[in-house]
$ cat model-v9.cif   # mmCIF, C-alpha atoms
data_structure
loop_
_atom_site.label_atom_id
_atom_site.label_comp_id
_atom_site.auth_asym_id
_atom_site.auth_seq_id
_atom_site.Cartn_x
_atom_site.Cartn_y
_atom_site.Cartn_z
CA MET A 1 -12.66 -25.95 -12.46
CA LEU A 2 -10.93 -23.37 -10.29
CA HIS A 3 -8.67 -25.98 -8.71
CA ILE A 4 -7.10 -26.47 -12.16
CA PHE A 5 -6.44 -22.79 -12.69
CA LYS A 6 -5.22 -21.98 -9.19
CA PRO A 7 -1.74 -23.58 -9.42
CA ILE A 8 -1.26 -22.21 -12.94
CA TYR A 9 -2.22 -18.79 -11.71
CA GLN A 10 0.14 -19.03 -8.75
CA HIS A 11 3.07 -20.04 -10.95
CA CYS A 12 2.29 -17.25 -13.41
CA GLN A 13 2.25 -14.90 -10.47
CA LEU A 14 5.71 -16.00 -9.41
CA ARG A 15 7.08 -15.60 -12.90
CA LEU A 16 5.45 -12.21 -13.40
CA GLN A 17 6.66 -10.99 -10.06
CA CYS A 18 10.27 -12.05 -10.48
CA ILE A 19 10.87 -11.64 -14.18
CA LEU A 20 8.64 -8.87 -15.41
CA PRO A 21 9.56 -5.89 -13.24
CA PRO A 22 13.10 -5.38 -14.57
CA THR A 23 12.17 -6.04 -18.19
CA HIS A 24 8.65 -4.71 -18.44
CA SER A 25 8.85 -1.35 -16.75
CA PRO A 26 9.98 0.82 -19.66
CA PRO A 27 7.21 1.53 -22.13
CA PRO A 28 7.59 0.50 -25.79
CA SER A 29 10.85 1.79 -27.23
CA HIS A 30 9.32 4.53 -29.37
CA LEU A 31 7.71 6.14 -26.31
CA PRO A 32 9.63 8.28 -23.82
CA SER A 33 10.26 6.78 -20.41
CA SER A 34 8.24 7.98 -17.40
CA HIS A 35 11.01 10.00 -15.80
CA ILE A 36 11.50 11.99 -19.02
CA VAL A 37 7.80 12.82 -19.11
CA SER A 38 7.89 13.63 -15.40
CA ALA A 39 10.81 16.00 -15.93
CA ALA A 40 8.88 17.77 -18.69
CA TYR A 41 6.28 18.87 -16.11
CA PRO A 42 8.24 20.34 -13.18
CA THR A 43 6.11 20.59 -10.04
CA LEU A 44 6.53 21.64 -6.43
CA PHE A 45 5.72 18.10 -5.29
CA THR A 46 8.35 15.94 -6.99
CA PRO A 47 10.54 13.65 -4.87
CA ALA A 48 14.31 13.75 -5.33
CA GLY A 49 15.70 11.06 -7.62
CA TRP A 50 17.23 8.90 -4.88
CA ALA A 51 13.78 8.29 -3.37
CA PHE A 52 12.83 6.07 -6.32
CA ALA A 53 15.33 3.49 -5.09
CA ILE A 54 12.46 2.27 -2.92
CA TRP A 55 11.19 0.40 -5.99
CA GLY A 56 14.08 -2.03 -5.53
CA LEU A 57 12.85 -2.87 -2.04
CA ILE A 58 9.24 -3.13 -3.23
CA PHE A 59 10.19 -5.54 -6.02
CA ILE A 60 12.31 -7.66 -3.66
CA MET A 61 9.55 -7.87 -1.06
CA GLU A 62 6.93 -8.72 -3.66
CA GLY A 63 9.27 -11.42 -4.96
CA VAL A 64 9.43 -12.77 -1.38
CA PHE A 65 5.65 -12.70 -1.30
CA ALA A 66 5.41 -14.51 -4.65
CA VAL A 67 7.65 -17.30 -3.33
CA TYR A 68 5.81 -17.40 0.01
CA GLN A 69 2.42 -17.91 -1.64
CA LEU A 70 3.84 -20.99 -3.39
CA LEU A 71 4.83 -22.71 -0.14
CA PRO A 72 2.69 -25.81 0.36
CA SER A 73 1.41 -24.59 3.73
CA VAL A 74 0.05 -21.42 2.13
CA ARG A 75 -0.84 -22.81 -1.28
CA ASP A 76 -3.03 -25.61 0.03
CA THR A 77 -5.07 -23.53 2.45
CA LYS A 78 -8.60 -22.57 1.70
CA VAL A 79 -9.03 -18.96 0.80
CA ARG A 80 -11.80 -16.65 1.77
CA PRO A 81 -13.28 -13.56 0.12
CA PRO A 82 -12.49 -10.07 1.35
CA PRO A 83 -14.25 -9.06 4.57
CA PRO A 84 -17.75 -7.67 3.98
CA SER A 85 -17.02 -4.67 6.18
CA LEU A 86 -15.00 -2.87 3.49
CA PRO A 87 -16.35 0.51 2.35
CA PRO A 88 -18.96 -0.04 -0.38
CA PHE A 89 -16.88 1.36 -3.24
CA LEU A 90 -13.84 -0.82 -2.54
CA PRO A 91 -14.86 -4.48 -3.01
CA PRO A 92 -14.91 -4.26 -6.83
CA PHE A 93 -11.25 -3.26 -6.73
CA SER A 94 -10.25 -6.03 -4.34
CA THR A 95 -12.24 -8.82 -5.97
CA THR A 96 -11.60 -8.22 -9.66
CA PHE A 97 -8.75 -10.71 -9.77
CA THR A 98 -9.51 -12.52 -6.55
CA GLN A 99 -12.43 -14.47 -7.92
CA LEU A 100 -10.19 -16.31 -10.34
CA SER A 101 -8.45 -18.10 -7.51
CA LEU A 102 -11.29 -18.54 -5.05
CA PRO A 103 -12.25 -22.17 -4.53
CA PRO A 104 -15.92 -23.03 -4.25
CA ARG A 105 -17.40 -22.21 -0.87
CA PRO A 106 -17.12 -25.32 1.37
CA PRO A 107 -20.44 -26.92 2.39
CA SER A 108 -21.67 -25.99 5.84
CA LEU A 109 -20.63 -28.54 8.42
CA PRO A 110 -23.20 -30.38 10.55
CA PRO A 111 -23.44 -29.15 14.16
CA GLY A 112 -21.13 -30.84 16.58
CA ARG A 113 -18.29 -31.42 14.16
CA PRO A 114 -15.25 -29.25 14.73
CA LYS A 115 -14.98 -26.42 12.24
CA ARG A 116 -12.16 -26.64 9.76
CA ARG A 117 -9.68 -23.82 10.08
CA ARG A 118 -9.65 -21.57 7.05
CA ALA A 119 -6.84 -19.56 5.60
CA VAL A 120 -6.07 -16.20 7.12
CA VAL A 121 -5.69 -14.42 3.83
CA ASP A 122 -6.33 -14.75 0.16
CA PRO A 123 -2.82 -14.98 -1.23
CA ASN A 124 -3.88 -14.87 -4.84
CA GLY A 125 -6.01 -11.80 -4.51
CA ALA A 126 -3.15 -10.10 -2.76
CA ALA A 127 -0.78 -11.28 -5.47
CA ALA A 128 -2.99 -9.96 -8.22
CA ALA A 129 -3.14 -6.59 -6.59
CA GLY A 130 0.59 -6.43 -6.14
CA LEU A 131 1.65 -7.37 -9.63
CA VAL A 132 4.32 -5.48 -11.45
CA PRO A 133 4.36 -1.92 -10.26
CA VAL A 134 5.65 0.17 -13.12
CA LEU A 135 5.54 3.71 -11.83
CA PHE A 136 8.26 6.31 -12.08
CA HIS A 137 11.27 4.52 -13.44
CA MET B 1 -4.67 -3.97 -11.07
CA VAL B 2 -2.23 -5.20 -13.70
CA LEU B 3 -4.37 -3.62 -16.38
CA LEU B 4 -4.51 -0.37 -14.44
CA GLN B 5 -0.74 -0.33 -14.11
CA LEU B 6 -0.23 -1.08 -17.77
CA GLY B 7 -2.77 1.60 -18.60
CA TRP B 8 -0.96 4.11 -16.41
CA SER B 9 2.40 3.33 -17.97
CA LEU B 10 1.10 3.73 -21.52
CA CYS B 11 -0.93 6.86 -20.79
CA PHE B 12 1.89 8.56 -18.94
CA SER B 13 4.39 7.79 -21.68
CA THR B 14 2.06 9.16 -24.34
CA GLU B 15 1.47 12.24 -22.14
CA SER B 16 -2.24 11.52 -21.68
CA ILE B 17 -1.92 12.90 -18.17
CA PRO B 18 -5.66 13.12 -17.24
CA LEU B 19 -6.16 9.49 -18.24
CA SER B 20 -3.02 8.48 -16.35
CA MET B 21 -4.49 10.14 -13.26
CA PHE B 22 -7.60 8.01 -13.68
CA PHE B 23 -5.50 4.84 -13.82
CA MET B 24 -3.43 5.99 -10.85
CA LEU B 25 -6.60 6.46 -8.79
CA GLY B 26 -7.60 2.91 -9.71
CA ILE B 27 -4.23 1.56 -8.55
CA PHE B 28 -4.53 3.54 -5.32
CA LEU B 29 -8.04 2.23 -4.62
CA SER B 30 -6.95 -1.34 -5.38
CA LEU B 31 -4.08 -1.12 -2.94
CA LEU B 32 -6.29 0.57 -0.34
CA ALA B 33 -8.82 -2.26 -0.63
CA LEU B 34 -6.07 -4.85 -0.48
CA ASN B 35 -4.45 -3.33 2.60
CA LEU B 36 -7.77 -2.91 4.41
CA SER B 37 -8.65 -6.55 3.63
CA LEU B 38 -5.27 -7.77 4.82
CA HIS B 39 -5.43 -5.82 8.07
CA LYS B 40 -8.99 -6.92 8.76
CA THR B 41 -8.23 -10.55 7.95
CA LEU B 42 -4.95 -10.88 9.79
CA GLY B 43 -6.15 -8.82 12.76
CA ALA B 44 -3.84 -7.31 15.35
CA LYS B 45 -1.72 -10.39 15.78
CA PRO B 46 -0.13 -11.57 12.53
CA SER B 47 2.84 -13.88 12.90
CA LEU B 48 6.29 -12.58 12.02
CA VAL B 49 6.32 -14.47 8.71
CA GLN B 50 2.88 -13.14 7.79
CA ALA B 51 3.94 -9.62 8.69
CA ILE B 52 7.05 -9.83 6.50
CA CYS B 53 5.67 -11.82 3.58
CA LEU B 54 2.09 -10.55 3.43
CA LEU B 55 1.81 -7.13 5.02
CA LEU B 56 5.20 -5.56 4.34
CA PRO B 57 5.27 -5.77 0.50
CA PHE B 58 1.86 -4.21 0.07
CA SER B 59 2.35 -1.61 2.79
CA LEU B 60 5.51 -0.45 1.02
CA ASN B 61 3.74 -0.39 -2.33
CA PHE B 62 0.68 1.38 -0.94
CA GLY B 63 2.74 4.07 0.76
CA TRP B 64 4.73 4.81 -2.34
CA ILE B 65 1.65 4.79 -4.60
CA THR B 66 0.00 7.30 -2.26
CA ALA B 67 2.93 9.67 -2.78
CA ALA B 68 3.03 8.90 -6.53
CA MET B 69 -0.68 9.66 -6.85
CA LEU B 70 -0.17 13.08 -5.28
CA ALA B 71 2.80 13.71 -7.58
CA ASN B 72 0.62 12.73 -10.54
CA ALA B 73 -2.06 15.21 -9.41
CA ASN B 74 0.58 17.95 -9.41
CA ILE B 75 1.74 16.95 -12.88
CA LEU B 76 -1.90 17.14 -13.99
CA ALA B 77 -2.12 20.70 -12.67
CA VAL B 78 1.00 21.68 -14.65
CA PHE B 79 -0.30 19.86 -17.72
CA ARG B 80 -3.61 21.74 -17.69
CA ASP B 81 -2.01 25.17 -17.65
CA PRO B 82 1.77 25.52 -17.27
CA THR B 83 1.49 29.27 -16.69
CA LEU B 84 -1.06 29.17 -13.87
CA LEU B 85 1.46 29.28 -11.00
CA PRO B 86 -1.03 29.94 -8.13
CA SER B 87 -2.87 26.79 -9.12
CA HIS B 88 0.40 24.79 -9.03
CA LEU B 89 1.18 26.14 -5.59
CA ALA B 90 -2.34 25.40 -4.34
CA THR B 91 -2.12 21.83 -5.66
CA ALA B 92 1.22 21.33 -3.92
CA VAL B 93 -0.15 22.64 -0.61
CA CYS B 94 -3.26 20.44 -0.90
CA SER B 95 -1.01 17.47 -1.66
CA CYS B 96 0.91 18.15 1.54
CA VAL B 97 -2.37 18.17 3.48
CA VAL B 98 -3.43 14.88 1.88
CA LEU B 99 -0.02 13.39 2.71
CA GLY B 100 -0.57 14.35 6.36
CA LEU B 101 -4.07 12.86 6.33
CA ALA B 102 -2.69 9.67 4.80
CA ALA B 103 -0.12 9.46 7.59
CA LEU B 104 -2.97 9.93 10.08
CA LEU B 105 -4.92 7.10 8.42
CA GLY B 106 -1.88 4.84 8.45
CA GLY B 107 -0.91 5.62 12.01
CA PHE B 108 -4.31 5.59 13.68
CA ARG B 109 -6.66 3.56 11.46
CA LEU B 110 -4.55 0.95 9.66
CA LEU B 111 -1.95 0.91 12.48
CA ASP B 112 0.67 0.36 9.80
CA PRO B 113 4.08 1.79 10.72
CA VAL B 114 5.63 0.73 7.39
CA PHE B 115 3.09 2.77 5.42
CA CYS B 116 3.89 5.83 7.56
CA LEU B 117 7.63 5.28 7.18
CA VAL B 118 7.27 5.20 3.38
CA LEU B 119 5.48 8.55 3.64
CA VAL B 120 8.40 9.79 5.76
CA TRP B 121 10.76 8.64 3.00
CA ALA B 122 8.72 10.31 0.24
CA GLY B 123 8.23 13.49 2.26
CA THR B 124 11.95 13.79 2.97
CA ALA B 125 12.69 13.38 -0.74
CA ILE B 126 10.13 16.06 -1.64
CA ALA B 127 11.45 18.47 0.99
CA LYS B 128 15.04 17.93 -0.19
CA GLN B 129 14.01 18.55 -3.78
CA LEU B 130 12.26 21.77 -2.75
CA ALA B 131 15.32 22.89 -0.82
CA GLU B 132 17.39 22.58 -4.00
CA PRO B 133 14.82 23.16 -6.76
CA VAL B 134 15.44 22.51 -10.44
CA GLN B 135 16.02 25.44 -12.78
CA SER B 136 12.44 25.64 -14.10
CA ILE B 137 10.98 25.71 -10.58
CA SER B 138 13.42 28.32 -9.27
CA ALA B 139 12.66 30.44 -12.36
CA SER B 140 8.91 30.32 -11.63
CA PHE B 141 8.79 30.53 -7.84
CA PRO B 142 10.84 32.76 -5.51
CA PRO B 143 13.09 31.02 -2.95
CA SER B 144 10.77 32.09 -0.13
CA VAL B 145 8.00 29.90 -1.58
CA THR B 146 10.12 26.81 -2.20
CA ASP B 147 11.97 27.13 1.12
CA GLY B 148 8.73 27.69 3.03
CA LEU B 149 7.08 24.71 1.39
CA SER B 150 10.18 22.62 2.03
CA GLN B 151 10.04 23.44 5.75
CA ALA B 152 6.31 22.67 5.86
CA VAL B 153 6.97 19.28 4.27
CA PHE B 154 9.70 18.64 6.85
CA VAL B 155 7.14 19.29 9.59
CA LEU B 156 4.84 16.79 7.86
CA VAL B 157 7.69 14.29 7.81
CA GLY B 158 8.00 14.65 11.58
CA PHE B 159 4.25 14.21 11.95
CA SER B 160 4.34 11.07 9.79
CA ALA B 161 7.19 9.71 11.91
CA LEU B 162 5.08 10.28 15.03
CA CYS B 163 2.18 8.43 13.36
CA ALA B 164 4.55 5.55 12.56
CA LEU B 165 5.67 5.51 16.18
CA HIS B 166 2.06 5.46 17.38
CA ALA B 167 1.16 2.60 15.02
CA ALA B 168 4.22 0.59 16.05
CA GLY B 169 3.55 1.18 19.75
CA LYS B 170 -0.13 0.35 19.45
CA GLY B 171 0.63 -2.80 17.47
CA PHE B 172 3.22 -3.86 20.04
CA LEU B 173 0.81 -3.30 22.94
CA ALA B 174 -2.03 -5.16 21.17
CA ARG B 175 0.28 -8.07 20.42
CA ARG B 176 1.48 -8.14 24.01
CA ALA B 177 -2.05 -7.93 25.40
CA ALA B 178 -3.24 -10.69 23.08
CA GLY B 179 -0.25 -12.85 24.02
CA GLY B 180 -0.88 -12.35 27.74
CA GLU B 181 -4.56 -13.00 27.26
CA GLU B 182 -3.87 -16.23 25.38
CA GLY B 183 -1.55 -17.35 28.18
CA GLY B 184 -4.19 -16.56 30.82
CA GLY B 185 -7.02 -17.80 28.64
CA ALA B 186 -5.42 -21.20 28.25
CA LYS B 187 -5.54 -21.61 32.00
CA GLU B 188 -9.11 -20.36 32.35
CA GLY B 189 -10.66 -22.16 29.44
CA GLY B 190 -9.54 -20.09 26.45
CA VAL B 191 -10.89 -16.52 26.25
CA PRO B 192 -10.85 -15.38 22.61
CA ALA B 193 -8.50 -12.57 21.57
CA SER B 194 -11.02 -9.73 21.42
CA PRO B 195 -11.55 -6.31 23.01
CA VAL B 196 -14.04 -7.92 25.41
CA GLY B 197 -11.45 -10.50 26.37
CA MET B 198 -8.82 -7.82 26.81
CA ARG B 199 -11.17 -5.82 29.03
CA ALA B 200 -11.94 -8.91 31.11
CA ALA B 201 -8.24 -9.65 31.45
CA SER B 202 -7.48 -6.09 32.56
CA GLN B 203 -10.37 -6.17 35.08
CA ALA B 204 -9.04 -9.45 36.45
CA LEU B 205 -5.63 -7.86 36.87
CA LEU B 206 -7.12 -4.86 38.71
CA LYS B 207 -8.99 -7.04 41.24
CA PRO B 208 -7.25 -7.25 44.64
#
$ encode --input "model-v9.cif" --output "structure tokens"
Amino acid sequence: MLHIFKPIYQHCQLRLQCILPPTHSPPPSHLPSSHIVSAAYPTLFTPAGWAFAIWGLIFIMEGVFAVYQLLPSVRDTKVRPPPPSLPPFLPPFSTTFTQLSLPPRPPSLPPGRPKRRRAVVDPNGAAAAGLVPVLFH
Amino acid sequence: MVLLQLGWSLCFSTESIPLSMFFMLGIFLSLLALNLSLHKTLGAKPSLVQAICLLLPFSLNFGWITAAMLANANILAVFRDPTLLPSHLATAVCSCVVLGLAALLGGFRLLDPVFCLVLVWAGTAIAKQLAEPVQSISASFPPSVTDGLSQAVFVLVGFSALCALHAAGKGFLARRAAGGEEGGGAKEGGVPASPVGMRAASQALLKP
């Protein structure tokens, strides 16, 4: 079942990553934008306005990632769950969206046969975690 | 993650600041988990493409979210009581400490120079803003406070830059050691890229 959803999910990821950030970031029109709310609460720990230009770089790099995860060499690799050595409170955060794209665990191979190389990273889990940052526009 | 970000955006716009802080913490933890997983999975020797396409985007995002979370905590302090100036100052000082600890984590635990450099970027922006504060801040705090805090943040920026340098140097050395080990290992039957292998390779080099 998951092999049907995986490509759909990957394509959605690409579209979300490339199209949503510029259009989605402002809240609904009747609500004030984040920087207006931020200015209403002046603090001693507010970055200068030019620093928020980093969002452009973040969006570009996440767009690069979204395209990269669609490359056949990455798309067709097996994925593996997050390492078990994460601190105990973190796995729920890293696996919430990851499970959607995980293929079934491959059957254990008989001894003597060479082990199949598995993917180095779970691109979909990473994609899910990186979707559409909307902070401080 | 997407839901957390949507939740943050809506809560912040409707000025539900405590709830927005909750969502921001969720985003931070998600990115922390993601970055730890990526670093553990890719190890010390990701390829150039993996480093650019997999590590870089999320390191950038994680670094900026770390700074944004601290900014959100300060906004929460102002939201709770706008007149309680000592509390605002204490929150800002604590945020600076957390920023330094984050740089320490990035430079010595994650070995992620990009994360540290984003903290350098954010810290510079905060220090610049403190050096030329907005009207409401300069009306509440004397220049000695804002200038002093600005200089402290500049020191933190230098510290973060050193952490970035350490992470970059350590990563470079690990990559070089692993490369040399692979070259030697291929001749001697393929020693895996591990600390044990590195130790064996260094002992072999030290032998007369």
$ residues_around --input "model-v9.cif" --residues "Gly171 of chain B" --least-positions-apart "5" --cutoff "12 Å" --atoms "all atoms listed in the file" --output "PyMOL selection string"
chain B and resi 39+43-46+51+107-114+164-166+176-178
$ closest_residue --input "model-v9.cif" --among "B:Leu84, B:Cys11, B:Ala92, B:Leu4" --to "chain A" --atoms "only C-alpha atoms"
B:Ala92
$ interface_residues --input "model-v9.cif" --of "chain B" --to "chain A" --cutoff "6 Å" --atoms "only C-alpha atoms" --output "list in words"
Met1, Ser13, Ser30, Ala33, Leu34, Ser37, Cys53, Pro57, Ala71, Ile75, Ala92, Ala125, Ile126 and Gln129 of chain B
$ residues_around --input "model-v9.cif" --residues "Val98 of chain B" --least-positions-apart "5" --cutoff "12 Å" --atoms "only C-alpha atoms" --output "PDB file with C-alpha atoms, keeping the file's coordinate frame"
ATOM      1  CA  THR B  66       0.000   7.300  -2.260  1.00  0.00           C
ATOM      2  CA  ALA B  67       2.930   9.670  -2.780  1.00  0.00           C
ATOM      3  CA  MET B  69      -0.680   9.660  -6.850  1.00  0.00           C
ATOM      4  CA  LEU B  70      -0.170  13.080  -5.280  1.00  0.00           C
ATOM      5  CA  ALA B  71       2.800  13.710  -7.580  1.00  0.00           C
ATOM      6  CA  ALA B  73      -2.060  15.210  -9.410  1.00  0.00           C
ATOM      7  CA  THR B  91      -2.120  21.830  -5.660  1.00  0.00           C
ATOM      8  CA  ALA B  92       1.220  21.330  -3.920  1.00  0.00           C
ATOM      9  CA  VAL B  93      -0.150  22.640  -0.610  1.00  0.00           C
ATOM     10  CA  ALA B 103      -0.120   9.460   7.590  1.00  0.00           C
ATOM     11  CA  LEU B 104      -2.970   9.930  10.080  1.00  0.00           C
ATOM     12  CA  LEU B 105      -4.920   7.100   8.420  1.00  0.00           C
ATOM     13  CA  LEU B 119       5.480   8.550   3.640  1.00  0.00           C
ATOM     14  CA  GLY B 123       8.230  13.490   2.260  1.00  0.00           C
ATOM     15  CA  VAL B 153       6.970  19.280   4.270  1.00  0.00           C
ATOM     16  CA  LEU B 156       4.840  16.790   7.860  1.00  0.00           C
ATOM     17  CA  SER B 160       4.340  11.070   9.790  1.00  0.00           C
TER      18      SER B 160
END
$ atom_distance --input "model-v9.cif" --atom1 "atom CA of Gly63 of chain B" --atom2 "atom CA of Cys116 of chain B"
7.1 Å
$ atom_distance --input "model-v9.cif" --atom1 "atom CA of Thr41 of chain B" --atom2 "atom CA of Phe172 of chain B"
17.9 Å
$ residues_around --input "model-v9.cif" --residues "Pro143 of chain B" --least-positions-apart "6" --cutoff "12 Å" --atoms "only C-alpha atoms" --output "ChimeraX atom specification"
/A:44 /B:130-135,137,149-151
$ atom_distance --input "model-v9.cif" --atom1 "atom CA of Gly100 of chain B" --atom2 "atom CA of Ala152 of chain B"
10.8 Å
